[in-house]
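Structure record follows, encoded as structure tokens.
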Amino acid sequence: MTWFLRLRASVHHELGEYTEALADARLGQQHYPAESAFYTEEIAALVALGRVGEIDAVVARCERATLRSGSSGASLFAAARELAAHGYAEMARAFSARAAAF
């Protein structure tokens with residue numbers, strides 16, 4: 001079932017339906033807290049919505065989670081890519097540095 005929620009969140013994001021993508025990412029975290037992809041999807045949605053001040057809290061939750069797949073470093077890298085794609089170049093560089101240090 002994780003694949004369905006991950007795919008749905010990703011498709012919503014690609015369609016520009018960021019609020020729906022955020023809801024799917026958070027639903028996925030509720031049911032599958034060990035899947036890092038849902039933290040990554042939440043970060044992507046928050047960036048797209050311009051809510052970049054909330055990203056660090058998501059990264060912190062991801063770091064505290066006992067992950068079955070993925071890693072916090074991968075989530076940091078995805079955050080950097082998403083920040084760069086949405087015009088947050090300085091923040092993207094900072095997240096890239098954090099990912100590299102992970």
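Naming scheme: A, B, ... for chains in displayed order of the structure tokens; residues 1 onward per chain; ligands 1 onward as shown.
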Considering only C-alpha atoms, return as a list in words whatever protein or nucleic-acid residues lie within 8 Å of Ala92 in chain A, sequence-local ones (same chain, fewer than 5 positions apart) excluded.
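Close residues of Ala92 in chain A: Ala79, Ala80, Arg81, Glu82, Leu83 and Ala84 of chain A.
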Prev. selection, N, CA and C atoms, output as a CSV table (one decimal), in the first residue's frame:
chain,number,residue,atom,x,y,z
A,79,ALA,N,15.3,17.7,-0.5
A,79,ALA,CA,14.9,19.0,-0.1
A,79,ALA,C,15.7,20.0,-0.9
A,80,ALA,N,17.0,19.8,-1.0
A,80,ALA,CA,17.9,20.7,-1.7
A,80,ALA,C,17.4,20.8,-3.2
A,81,ARG,N,17.1,19.7,-3.8
A,81,ARG,CA,16.7,19.8,-5.2
A,81,ARG,C,15.4,20.5,-5.4
A,82,GLU,N,14.4,20.3,-4.4
A,82,GLU,CA,13.1,20.9,-4.5
A,82,GLU,C,13.3,22.4,-4.2
A,83,LEU,N,14.1,22.8,-3.3
A,83,LEU,CA,14.3,24.2,-3.0
A,83,LEU,C,14.9,24.9,-4.2
A,84,ALA,N,15.9,24.3,-4.9
A,84,ALA,CA,16.5,24.9,-6.1
A,84,ALA,C,15.4,25.0,-7.2
Residue contacts of Trp3 in chain A (10 Å, only C-alpha atoms) excluding same-chain residues fewer than 5 positions away, as a ChimeraX atom specification:
/A:8-9,28,37
Selection from above, C-alpha atoms, as a compact mmCIF listing (two decimals), in the first residue's frame, can you write it?
# COMPACT_ATOMS: atom_id res chain seq x y z
CA ARG A 8 -0.47 9.57 -5.43
CA ALA A 9 1.54 12.20 -3.52
CA GLY A 28 1.60 7.97 4.56
CA ALA A 37 9.72 8.70 1.02
Would you kindly return, as a list in words, each protein, DNA or RNA residue with an atom no farther than 7 Å from any atom of Glu42 in chain A, considering only C-alpha atoms and excluding same-chain residues fewer than 3 positions away?
Leu22, Ala25, Arg26, Phe38, Tyr39, Ala45 and Leu46 of chain A
Keeping only C-alpha atoms, write the selected residues to a file as an mmCIF file, in the first residue's frame.
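The resulting file, result.cif, is reproduced below:
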data_model
loop_
_atom_site.group_PDB
_atom_site.id
_atom_site.type_symbol
_atom_site.label_atom_id
_atom_site.label_comp_id
_atom_site.auth_asym_id
_atom_site.auth_seq_id
_atom_site.Cartn_x
_atom_site.Cartn_y
_atom_site.Cartn_z
ATOM 1 C CA LEU A 22 0.971 17.272 1.486
ATOM 2 C CA ALA A 25 2.522 12.525 2.498
ATOM 3 C CA ARG A 26 1.221 13.042 6.018
ATOM 4 C CA PHE A 38 6.763 10.201 2.859
ATOM 5 C CA TYR A 39 9.018 12.692 4.644
ATOM 6 C CA ALA A 45 4.945 19.856 -0.911
ATOM 7 C CA LEU A 46 5.928 22.366 1.770
#
Residue list (helix (DSSP H, G or I), DSSP) for chain A, as a PyMOL selection string
chain A and resi 2-14+18-31+36-48+52-64+72-85+89-101
Restricting the calculation to only C-alpha atoms, which member of A:Ala57, A:Leu76, A:Ala44, A:Met91 is positioned closest to Ala21 in chain A?
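When distances to Ala21 in chain A are compared using only C-alpha atoms, the smallest one comes from A:Ala44.
Distance-wise, CA of Ala94 in chain A and CA of Cys62 in chain A end up 17.7 Å apart.
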Could you work out how far CA of Ala85 in chain A lies from CA of Leu15 in chain A, giving the answer in Å with one decimal?
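The value is 14.9 Å.
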How many Å lie between CA of Glu17 in chain A and CA of Val47 in chain A, rounded to one decimal?
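Interatomic distance, CA of Glu17 in chain A to CA of Val47 in chain A: 12.6 Å.
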May I ask which of the residues A:Ala48, A:Ser36, A:Ile55, A:Gly87 is the closest one to Ala74 in chain A, counting only C-alpha atoms?
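Closest residue, counting only C-alpha atoms: A:Ser36.
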Which residue, A:Phe4, A:Tyr32, A:Tyr18, A:Phe77, has the smallest gap to Leu49 in chain A when you use only C-alpha atoms?
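Counting only C-alpha atoms, the residue closest to Leu49 in chain A is A:Tyr18.
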